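Shown here: my_file-v3.txt, compact mmCIF, C-alpha atoms.
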# COMPACT_ATOMS: atom_id res chain seq x y z
CA MET A 1 -2.36 8.34 -28.34
CA HIS A 2 1.03 8.51 -26.63
CA PHE A 3 1.70 11.88 -28.33
CA LEU A 4 -1.62 13.33 -27.11
CA TYR A 5 -0.99 12.01 -23.61
CA ALA A 6 2.47 13.63 -23.56
CA VAL A 7 1.03 16.96 -24.78
CA THR A 8 -1.66 16.81 -22.08
CA LEU A 9 0.95 16.22 -19.39
CA LEU A 10 3.08 19.10 -20.72
CA LEU A 11 0.14 21.50 -20.74
CA GLY A 12 -0.81 20.38 -17.23
CA PHE A 13 2.74 20.98 -16.03
CA LEU A 14 2.87 24.44 -17.61
CA SER A 15 -0.50 25.43 -16.11
CA VAL A 16 0.57 24.28 -12.64
CA SER A 17 3.84 26.18 -13.05
CA VAL A 18 1.99 29.38 -14.04
CA VAL A 19 -0.35 29.04 -11.07
CA SER A 20 2.60 28.38 -8.78
CA VAL A 21 4.47 31.46 -10.03
CA ALA A 22 1.35 33.58 -9.76
CA GLN A 23 0.68 32.49 -6.20
CA ARG A 24 4.23 33.30 -5.18
CA GLN A 25 3.88 36.90 -6.31
CA PRO A 26 3.45 39.40 -3.48
CA ALA A 27 -0.22 40.29 -3.08
CA VAL A 28 -1.25 43.85 -3.71
CA SER A 29 -2.79 44.82 -0.41
CA SER A 30 -3.34 47.83 1.71
CA ASN A 31 -1.90 45.82 4.61
CA PRO A 32 1.70 44.92 3.75
CA VAL A 33 3.11 41.68 5.14
CA LYS A 34 6.47 39.99 5.54
CA VAL A 35 7.20 36.27 5.12
CA LEU A 36 8.23 34.46 8.31
CA VAL A 37 10.60 31.50 8.36
CA VAL A 38 9.29 29.13 10.99
CA SER A 39 12.46 27.01 10.70
CA PRO A 40 15.51 27.06 8.45
CA VAL A 41 14.90 23.35 7.90
CA VAL A 42 11.82 24.08 5.75
CA GLY A 43 12.58 27.66 4.65
CA GLU A 44 9.99 30.21 3.58
CA THR A 45 7.70 27.73 1.77
CA ILE A 46 6.61 24.41 3.27
CA ASP A 47 5.80 21.89 0.53
CA ALA A 48 3.77 18.67 0.69
CA LYS A 49 6.78 16.46 1.40
CA GLU A 50 7.90 18.68 4.30
CA LYS A 51 4.34 18.69 5.65
CA ALA A 52 4.36 14.88 5.72
CA THR A 53 7.93 14.55 7.01
CA TYR A 54 7.40 16.89 9.96
CA GLY A 55 3.74 16.06 10.66
CA LEU A 56 2.53 19.63 10.08
CA PHE A 57 -0.98 21.02 9.66
CA PRO A 58 -3.01 17.81 10.30
CA TYR A 59 -6.23 19.75 9.57
CA TYR A 60 -5.24 19.84 5.87
CA GLY A 61 -5.39 16.57 3.91
CA ALA A 62 -2.05 15.20 2.67
CA ASN A 63 -3.46 14.31 -0.77
CA ASP A 64 -4.72 17.84 -1.57
CA PHE A 65 -2.04 20.00 0.06
CA ARG A 66 0.50 21.72 -2.20
CA GLU A 67 2.41 24.31 -0.12
CA ALA A 68 2.08 26.91 2.64
CA ARG A 69 3.94 29.82 4.20
CA PHE A 70 3.63 32.03 7.27
CA VAL A 71 3.24 35.80 6.84
CA GLN A 72 3.05 38.55 9.44
CA SER A 73 1.19 41.80 9.07
CA LEU A 74 3.29 44.97 9.32
CA THR A 75 0.43 46.73 11.05
CA PRO A 76 0.66 47.36 14.83
CA ASP A 77 -1.25 44.15 15.68
CA SER A 78 1.46 42.01 13.92
CA THR A 79 -1.03 39.29 13.00
CA ILE A 80 0.49 35.94 11.89
CA THR A 81 -1.34 34.02 9.14
CA LEU A 82 -0.73 30.66 7.52
CA GLN A 83 -1.40 30.92 3.78
CA ALA A 84 -1.95 27.49 2.23
CA SER A 85 -2.53 26.51 -1.41
CA PHE A 86 -3.95 23.24 -2.70
CA ARG A 87 -3.69 21.09 -5.81
CA ASP A 88 -7.14 22.14 -7.03
CA GLY A 89 -6.00 25.79 -7.17
CA SER A 90 -7.81 26.92 -4.01
CA THR A 91 -6.19 28.78 -1.13
CA LYS A 92 -6.96 29.03 2.58
CA GLN A 93 -5.78 31.33 5.35
CA ARG A 94 -5.56 30.36 9.01
CA PRO A 95 -4.63 32.82 11.80
CA PHE A 96 -1.88 31.77 14.21
CA THR A 97 -1.02 33.13 17.62
CA ALA A 98 2.64 33.73 18.47
CA ALA A 99 2.50 30.70 20.79
CA GLU A 100 1.10 28.46 18.04
CA PHE A 101 3.79 29.65 15.64
CA GLN A 102 6.49 28.81 18.20
CA ALA A 103 4.88 25.41 18.76
CA VAL A 104 5.27 24.61 15.05
CA ARG A 105 8.92 25.67 15.23
CA ALA A 106 9.50 23.42 18.27
CA SER A 107 7.71 20.51 16.57
CA ILE A 108 9.96 20.77 13.51
CA ALA A 109 13.07 20.91 15.68
CA GLU A 110 11.98 17.87 17.67
CA ARG A 111 11.17 15.90 14.52
CA GLN A 112 14.47 16.81 12.91
CA GLN A 113 16.33 15.59 15.98
CA LEU A 114 14.53 12.25 15.68
CA LEU A 115 15.33 12.02 11.99
CA ASN A 116 19.00 12.56 12.74
CA THR A 117 19.11 9.87 15.41
CA LYS A 118 20.06 6.62 13.74
CA GLN A 119 19.41 4.52 16.79
CA THR A 120 15.88 5.84 17.06
CA ALA A 121 15.24 4.94 13.44
CA LEU A 122 16.54 1.41 14.10
CA ASN A 123 14.35 1.08 17.20
CA GLN A 124 11.29 2.15 15.23
CA GLY A 125 12.05 -0.20 12.37
CA VAL A 126 10.91 2.04 9.51
CA THR A 127 12.11 5.14 7.69
CA LEU A 128 10.70 8.10 9.57
CA ALA A 129 10.61 10.48 6.63
CA ASP A 130 8.61 7.98 4.60
CA SER A 131 6.09 7.04 7.30
CA LEU A 132 4.91 10.39 8.65
CA GLY A 133 1.77 11.47 6.83
CA GLN A 134 1.09 7.87 5.71
CA THR A 135 -2.29 6.33 6.56
CA TYR A 136 -2.15 2.93 8.29
CA SER A 137 -4.45 0.14 9.33
CA VAL A 138 -3.41 -0.53 12.93
CA GLU A 139 -4.19 -3.70 14.87
CA LEU A 140 -3.47 -3.92 18.61
CA TYR A 141 -2.81 -7.06 20.66
CA THR A 142 -6.07 -6.37 22.53
CA GLY A 143 -7.99 -6.97 19.30
CA THR A 144 -8.80 -3.30 18.70
CA SER A 145 -8.16 -1.97 15.21
CA PHE A 146 -8.46 1.44 13.56
CA ILE A 147 -7.37 3.43 10.50
CA GLY A 148 -5.39 6.64 11.00
CA MET A 149 -2.70 8.92 9.62
CA LEU A 150 0.63 8.76 11.44
CA ILE A 151 1.40 12.31 12.60
CA THR A 152 3.95 11.91 15.41
CA ARG A 153 6.61 9.33 16.29
CA ARG A 154 8.35 9.09 19.62
CA LEU A 155 10.69 6.46 20.99
CA THR A 156 7.91 4.40 22.59
CA GLU A 157 4.69 6.00 21.28
CA LEU A 158 2.93 6.78 18.00
CA ASP A 159 0.22 9.40 17.42
CA PHE A 160 -2.45 8.85 14.76
CA GLN A 161 -5.12 11.21 13.46
CA THR A 162 -8.33 9.24 12.92
CA LYS A 163 -11.66 10.20 11.39
CA ASP A 164 -13.89 8.99 14.23
CA LEU A 165 -11.64 8.97 17.32
CA GLY A 166 -9.60 12.12 16.71
CA ARG A 167 -5.97 12.00 17.83
CA VAL A 168 -4.99 8.57 19.20
CA THR A 169 -1.76 7.83 21.08
CA VAL A 170 -0.62 4.19 21.07
CA GLN A 171 2.27 2.48 22.83
CA LYS A 172 4.46 0.77 20.24
CA ALA A 173 4.67 -2.35 22.38
CA ASN A 174 0.87 -2.75 22.07
CA ILE A 175 0.85 -2.77 18.23
CA LYS A 176 0.38 -6.19 16.63
CA SER A 177 0.50 -4.95 13.03
CA MET A 178 0.68 -1.62 11.24
CA GLN A 179 0.05 -1.86 7.51
CA PRO A 180 0.26 1.10 5.08
CA LEU A 181 -2.84 1.84 3.02
CA THR A 182 -2.99 3.01 -0.57
CA SER A 183 -4.76 6.31 -1.22
CA GLY A 184 -7.75 4.36 -2.54
CA GLN A 185 -8.00 2.19 0.58
CA ALA A 186 -7.55 5.17 2.90
CA GLY A 187 -10.23 7.18 1.10
CA LYS A 188 -12.78 4.36 1.41
CA GLY A 189 -11.79 3.29 4.92
CA TRP A 190 -10.72 -0.18 3.73
CA GLU A 191 -8.09 -2.10 5.61
CA PRO A 192 -5.63 -4.23 3.58
CA VAL A 193 -6.75 -7.82 3.04
CA GLY A 194 -3.58 -9.17 1.44
CA ASN A 195 -0.89 -8.12 -0.97
CA GLY A 196 -2.55 -9.51 -4.09
CA THR A 197 0.01 -12.28 -4.55
CA ARG A 198 -2.44 -14.80 -6.09
CA ILE A 199 -5.80 -14.99 -7.81
CA PHE A 200 -7.26 -18.39 -6.93
CA PHE A 201 -4.49 -20.91 -7.46
CA ALA A 202 -2.59 -18.88 -10.05
CA PRO A 203 0.20 -16.57 -8.83
CA THR A 204 0.43 -12.89 -9.70
CA ALA A 205 3.73 -11.00 -9.99
CA ARG A 206 3.08 -9.21 -6.68
CA SER A 207 5.26 -10.45 -3.81
CA LEU A 208 4.74 -11.22 -0.16
CA ARG A 209 6.57 -8.78 2.07
CA LYS A 210 9.39 -10.02 4.28
CA GLY A 211 7.93 -11.80 7.30
CA GLU A 212 4.44 -11.96 5.81
CA GLY A 213 2.74 -15.23 4.93
CA TYR A 214 -0.44 -17.24 4.83
CA VAL A 215 -1.72 -20.75 5.35
CA GLN A 216 -4.62 -22.13 3.30
CA ASP A 217 -6.87 -25.14 3.05
CA ILE A 218 -7.97 -25.95 -0.51
CA ASP A 219 -10.98 -28.20 -1.16
CA ILE A 220 -10.52 -29.65 2.34
CA ILE A 221 -7.95 -32.08 0.95
CA PHE A 222 -4.87 -29.87 0.55
CA LEU A 223 -3.02 -27.67 3.04
CA GLY A 224 -0.71 -24.97 1.70
CA ALA A 225 1.53 -22.28 3.10
CA ASN A 226 3.59 -19.42 1.63
CA TYR A 227 6.11 -17.14 3.34
CA GLY A 228 8.05 -14.04 2.33
CA ILE A 229 11.76 -14.66 2.90
CA THR A 230 12.54 -11.16 1.62
CA ASP A 231 10.39 -8.52 -0.08
CA ASN A 232 11.28 -10.19 -3.40
CA ILE A 233 11.61 -13.92 -2.64
CA SER A 234 8.95 -16.27 -1.27
CA ILE A 235 8.62 -20.01 -0.80
CA GLY A 236 5.52 -22.17 -0.53
CA ALA A 237 4.46 -25.78 -0.08
CA LEU A 238 1.31 -27.84 -0.67
CA VAL A 239 0.55 -31.23 0.90
CA PRO A 240 -2.55 -33.47 1.25
CA VAL A 241 -3.99 -33.52 4.76
CA VAL A 242 -6.88 -35.97 4.51
CA PRO A 243 -5.72 -39.58 5.10
CA GLY A 244 -7.06 -42.47 3.11
CA VAL A 245 -7.76 -40.67 -0.17
CA GLY A 246 -4.81 -42.20 -1.99
CA LEU A 247 -2.92 -38.93 -2.51
CA ASN A 248 0.82 -38.99 -1.98
CA VAL A 249 1.73 -35.56 -3.39
CA PHE A 250 4.13 -32.89 -2.22
CA ALA A 251 4.58 -29.57 -4.04
CA LEU A 252 7.00 -26.62 -3.69
CA THR A 253 6.29 -23.14 -5.06
CA PRO A 254 9.30 -20.77 -4.95
CA LYS A 255 8.86 -17.33 -6.57
CA VAL A 256 11.14 -14.35 -7.25
CA GLY A 257 9.63 -10.96 -8.10
CA PHE A 258 10.57 -7.32 -8.48
CA SER A 259 8.90 -3.95 -9.06
CA VAL A 260 9.17 -2.20 -12.41
CA THR A 261 7.06 0.71 -11.15
CA ASP A 262 4.66 1.10 -8.22
CA LYS A 263 1.93 -0.63 -10.23
CA VAL A 264 3.91 -2.83 -12.60
CA LYS A 265 5.45 -6.04 -11.21
CA ALA A 266 7.28 -8.96 -12.79
CA ALA A 267 8.03 -12.40 -11.36
CA ALA A 268 9.18 -15.89 -12.21
CA GLY A 269 8.69 -19.13 -10.34
CA VAL A 270 8.18 -22.87 -10.39
CA LEU A 271 5.48 -25.20 -9.17
CA PHE A 272 7.29 -28.50 -8.62
CA ALA A 273 5.32 -31.55 -7.52
CA SER A 274 6.32 -35.08 -6.64
CA GLY A 275 3.95 -37.99 -6.27
CA PHE A 276 2.57 -41.23 -7.70
CA GLY A 277 6.11 -42.38 -8.47
CA GLY A 278 7.01 -39.39 -10.63
CA SER A 279 7.67 -35.66 -10.57
CA GLY A 280 6.98 -32.60 -12.71
CA GLY A 281 5.48 -29.17 -12.68
CA ILE A 282 5.41 -25.86 -14.47
CA ALA A 283 7.97 -23.07 -14.80
CA TYR A 284 6.40 -19.68 -15.39
CA GLY A 285 6.88 -15.96 -15.78
CA VAL A 286 4.15 -13.40 -15.02
CA GLY A 287 3.57 -9.68 -15.21
CA THR A 288 0.96 -7.85 -13.13
CA TYR A 289 -0.44 -4.34 -13.38
CA GLY A 290 -2.42 -2.72 -10.58
CA THR A 291 -2.68 -2.64 -6.80
CA ALA A 292 -3.14 -5.29 -4.14
CA ASP A 293 -6.93 -4.79 -4.39
CA SER A 294 -7.40 -4.53 -8.16
CA ASN A 295 -4.96 -6.02 -10.65
CA ALA A 296 -4.59 -7.82 -13.98
CA THR A 297 -2.06 -10.57 -14.71
CA LEU A 298 -0.64 -12.05 -17.91
CA GLY A 299 1.67 -15.05 -17.72
CA VAL A 300 3.26 -17.86 -19.70
CA GLY A 301 4.40 -21.26 -18.44
CA TYR A 302 5.89 -24.48 -19.69
CA LEU A 303 4.98 -27.88 -18.28
CA PHE A 304 7.78 -30.33 -17.54
CA ALA A 305 7.95 -33.91 -16.30
CA GLU A 306 10.77 -36.40 -15.89
CA GLY A 307 13.21 -34.23 -17.84
CA ASP A 308 10.85 -33.49 -20.74
CA ILE A 309 9.47 -29.99 -21.46
CA GLU A 310 6.27 -29.35 -23.40
CA SER A 311 6.87 -27.38 -26.58
CA SER A 312 3.55 -25.51 -26.35
CA PRO A 313 3.16 -22.97 -23.54
CA VAL A 314 0.24 -22.43 -21.20
CA ILE A 315 -0.98 -18.83 -21.21
CA LEU A 316 -2.49 -17.30 -18.06
CA VAL A 317 -4.90 -14.36 -18.23
CA GLY A 318 -6.44 -13.32 -14.95
CA GLY A 319 -7.30 -10.60 -12.52
CA ALA A 320 -9.03 -9.48 -9.35
CA THR A 321 -11.00 -6.41 -8.38
CA ARG A 322 -12.18 -5.40 -4.93
CA VAL A 323 -15.78 -4.20 -5.21
CA ALA A 324 -16.57 -3.74 -1.52
CA ARG A 325 -14.82 -3.65 1.82
CA ARG A 326 -14.99 -7.43 2.18
CA LEU A 327 -15.73 -8.66 -1.36
CA SER A 328 -13.51 -9.21 -4.43
CA LEU A 329 -14.28 -10.73 -7.84
CA LEU A 330 -11.68 -13.12 -9.31
CA ASN A 331 -10.98 -14.87 -12.59
CA GLU A 332 -8.09 -16.94 -13.94
CA THR A 333 -8.10 -18.42 -17.44
CA TYR A 334 -5.55 -20.89 -18.82
CA ILE A 335 -5.15 -21.06 -22.60
CA PHE A 336 -3.34 -24.14 -23.88
CA ASP A 337 -2.90 -26.14 -27.05
CA GLY A 338 -6.34 -27.39 -27.91
CA GLY A 339 -8.51 -25.34 -25.60
CA PHE A 340 -8.90 -23.30 -22.48
CA GLY A 341 -10.14 -23.60 -18.92
CA GLY A 342 -10.30 -21.59 -15.77
CA LEU A 343 -11.88 -20.51 -12.51
CA ALA A 344 -14.21 -17.57 -11.80
CA GLY A 345 -15.71 -16.56 -8.49
CA VAL A 346 -15.46 -14.46 -5.36
CA ARG A 347 -13.34 -13.90 -2.28
CA VAL A 348 -14.69 -12.65 1.03
CA ALA A 349 -11.90 -11.29 3.21
CA ALA A 350 -11.25 -9.65 6.54
CA SER A 351 -7.84 -8.30 7.56
CA ARG A 352 -6.52 -11.79 8.43
CA LEU A 353 -9.08 -14.41 7.38
CA SER A 354 -10.51 -14.99 3.91
CA GLY A 355 -12.63 -17.49 2.02
CA SER A 356 -12.77 -18.07 -1.75
CA LEU A 357 -15.21 -19.94 -3.99
CA GLY A 358 -14.51 -20.63 -7.67
CA ILE A 359 -16.44 -22.37 -10.42
CA VAL A 360 -14.65 -24.21 -13.21
CA TYR A 361 -15.31 -23.61 -16.88
CA GLY A 362 -13.58 -24.48 -20.13
CA THR A 363 -13.31 -26.61 -23.24
CA GLY A 364 -15.02 -29.96 -22.77
CA VAL A 365 -16.27 -29.20 -19.27
CA GLY A 366 -19.93 -29.33 -20.34
CA GLY A 367 -21.13 -26.89 -17.70
CA ILE A 368 -19.96 -24.92 -14.72
CA TYR A 369 -19.27 -26.56 -11.39
CA PRO A 370 -18.01 -25.44 -7.97
CA ALA A 371 -14.43 -26.68 -8.03
CA TYR A 372 -12.35 -24.44 -5.75
CA LEU A 373 -13.11 -23.86 -2.08
CA GLU A 374 -10.48 -22.21 0.06
CA VAL A 375 -10.03 -20.77 3.53
CA ALA A 376 -6.83 -18.80 4.20
CA TYR A 377 -5.27 -17.06 7.19
CA ARG A 378 -2.65 -14.31 6.88
CA PHE A 379 0.08 -14.13 9.50
CA GLY A 380 3.16 -12.10 10.28
CA LYS A 381 3.71 -8.60 11.64
CA VAL A 382 3.85 -6.20 8.71
CA GLU A 383 5.22 -2.70 9.40
How does this structure look as structure tokens?
Amino acid sequence: MHFLYAVTLLLGFLSVSVVSVAQRQPAVSSNPVKVLVVSPVVGETIDAKEKATYGLFPYYGANDFREARFVQSLTPDSTITLQASFRDGSTKQRPFTAAEFQAVRASIAERQQLLNTKQTALNQGVTLADSLGQTYSVELYTGTSFIGMLITRRLTELDFQTKDLGRVTVQKANIKSMQPLTSGQAGKGWEPVGNGTRIFFAPTARSLRKGEGYVQDIDIIFLGANYGITDNISIGALVPVVPGVGLNVFALTPKVGFSVTDKVKAAAGVLFASGFGGSGGIAYGVGTYGTADSNATLGVGYLFAEGDIESSPVILVGGATRVARRLSLLNETYIFDGGFGGLAGVRVAASRLSGSLGIVYGTGVGGIYPAYLEVAYRFGKVE
């Protein structure tokens, strides 16, 4: 299987290379043309990365675009044409006036000046080259929200290209949050509803971003909170909030995670609890494959209490998949010596607020019962 996959990739690479070489050959035409260099920064051919970096050609989608170049007819009318090619092998031509051509040149020069200004980059708080061409879910302090591709950055303003509103200019001071979308979210018009850091109670290997966090109420009785100290380290706590129920429990949940690839994450952590005159918990390691919206997790943990460690591990198998804009399906199963048990259910989520309902199942349960009810609120400005 791996051999066939490698051969397929090689053949795909060779076919793309042949198409690329063929498209770079001068066309046989009765109207000869010359290639124009709109800016020495991008050269004769503008590739997909340069398109995103300099915010060029917003009428062509960033996911399909491969490369483009300007040519000028050698006939008396000196017509300028943008010749663009796309990943599906198609090509398009778009006429340009001399003024429009000069406007592209000026736009590249302006963008390059911004890229070279370190103080501007610090003021904006993100890497310019990485953000231009990225689609974001934007929330303003007024309560307005929209989804758009970032096409222009200035010192105090951002320009977005949106599907329904066209080009939108926003003052940076008015932005409450600006969260990048995956290609899948952007294509469906879904805003992010969390970073996929947990299933129900079980953690995944995905991490909270720095400055991002959430508070949650579980089964009315418990109040929890988690916060991203860095992009790789988070800390959480869980305490009872209903008086008179005889619970005197306090739990800490530190976690350290890192990315293996964009979709593969690994993490380790501890759930440490103290109460009823004793203390204990579980130390675990987990691996997660997928995105914030759809992912699968496999983990192993060892229970400990009062200095003793269980010899048999607890195995976690779980996952989540987002099936609609607001709805996700969840499952977490724990396999242990002598049986298994778990939670299965749903999560309904908006950009900040979510609610989850899980039913318990397992060895010796004798049925399925609602056992996990949660309301959570995400906080923090993520950019």
Quick one: distance from atom CA of A:Leu181 to atom CA of A:Ser137 in Å, one decimal?
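That distance, rounded to one decimal, is 6.7 Å.
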Quick one: distance from atom CA of A:Arg154 to atom CA of A:Ile229 in Å, one decimal?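 Spanning atom CA of A:Arg154 to atom CA of A:Ile229 is a straight-line distance of 29.2 Å.
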_I'd like to know which of A:Ile368, A:Val264, A:Leu114, A:Ala283 is closest to A:Ala344, using all atoms listed in the file._
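Looking at the shortest contact to A:Ala344, the residue is A:Ile368.
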The distance between atom CA of A:Leu357 and atom CA of A:Pro180 is 27.6 Å
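Shortest atom-to-atom contact with A:Lys172 among A:Leu150, A:Leu238, A:Val360, A:Leu140: A:Leu140, counting all atoms listed in the file.
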- request: May I ask which of the residues A:Gly341, A:Pro58, A:Pro192, A:Gly358 is the closest one to A:Met149, counting all atoms listed in the file?
  value: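 Between A:Gly341, A:Pro58, A:Pro192, A:Gly358, the residue approaching A:Met149 most closely is A:Pro58.
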Quick one: everything within 9 Å of A:Val348, counting all atoms listed in the file, minus sequence neighbours fewer than 6 positions away in the same chain. Send it as a ChimeraX atom specification. /A:326-328,354-357
Listing only residues of stretch 175-242 of chain A within 12 Å of stretch 59-69 of chain A, what is the closest atom pair and its distance in Å (to one decimal) for each, using only C-alpha atoms, sorted by chain and residue number ascending, as JSON lines?
{"residue": "A:Thr182", "atom": "CA", "partner": "A:Asn63", "partner_atom": "CA", "distance": 11.3}
{"residue": "A:Ser183", "atom": "CA", "partner": "A:Asn63", "partner_atom": "CA", "distance": 8.1}
{"residue": "A:Gly184", "atom": "CA", "partner": "A:Asn63", "partner_atom": "CA", "distance": 11.0}
{"residue": "A:Ala186", "atom": "CA", "partner": "A:Asn63", "partner_atom": "CA", "distance": 10.7}
{"residue": "A:Gly187", "atom": "CA", "partner": "A:Asn63", "partner_atom": "CA", "distance": 10.0}
Padded axis-aligned box of stretch 132-142 of chain A (8 Å per side), centre and edge lengths, Å, one decimal, as JSON:
{"center_x": -0.6, "center_y": 2.2, "center_z": 14.1, "size_x": 27.0, "size_y": 34.5, "size_z": 32.8}
Residues within 12 Å of stretch 78-85 of chain A, all atoms listed in the file, excluding chain neighbours under 6 positions, as a count of residues only: 48
Quick one: residues within 12 Å of stretch 216-224 of chain A, all atoms listed in the file counted, chain neighbours fewer than 2 positions away excluded, as a VMD selection string? chain A and resid 200 to 201 213 to 214 226 to 227 235 to 253 352 to 358 370 to 379
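Residues having any atom no farther than 7 Å from (-12.0, -10.0, -10.6) (counting all atoms listed in the file) are Gly319, Ala320, Thr321, Ser328, Leu329, Leu330 and Asn331 of chain A.
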| Near A:Gln161, counting all atoms listed in the file, which residues have an atom at most 10 Å away, once you skip same-chain residues fewer than 3 positions from it, shown as a PyMOL selection string? | chain A and resi 58-59+133+135+147-152+164-169
Selection: 8 Å around A:Val170, only C-alpha atoms, excl. self and same-chain fewer than 5 positions, as a count of residues only: 4
Min atom-atom distance to A:Ala267 from the set A:Ser131, A:Asn232, A:Gln185, A:Thr156, counting only C-alpha atoms, belongs to A:Asn232
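When all atoms listed in the file are used to measure the gap to A:Val323, the shortest distance among A:Gly367, A:Lys188, A:Thr204, A:Phe272 belongs to A:Lys188.
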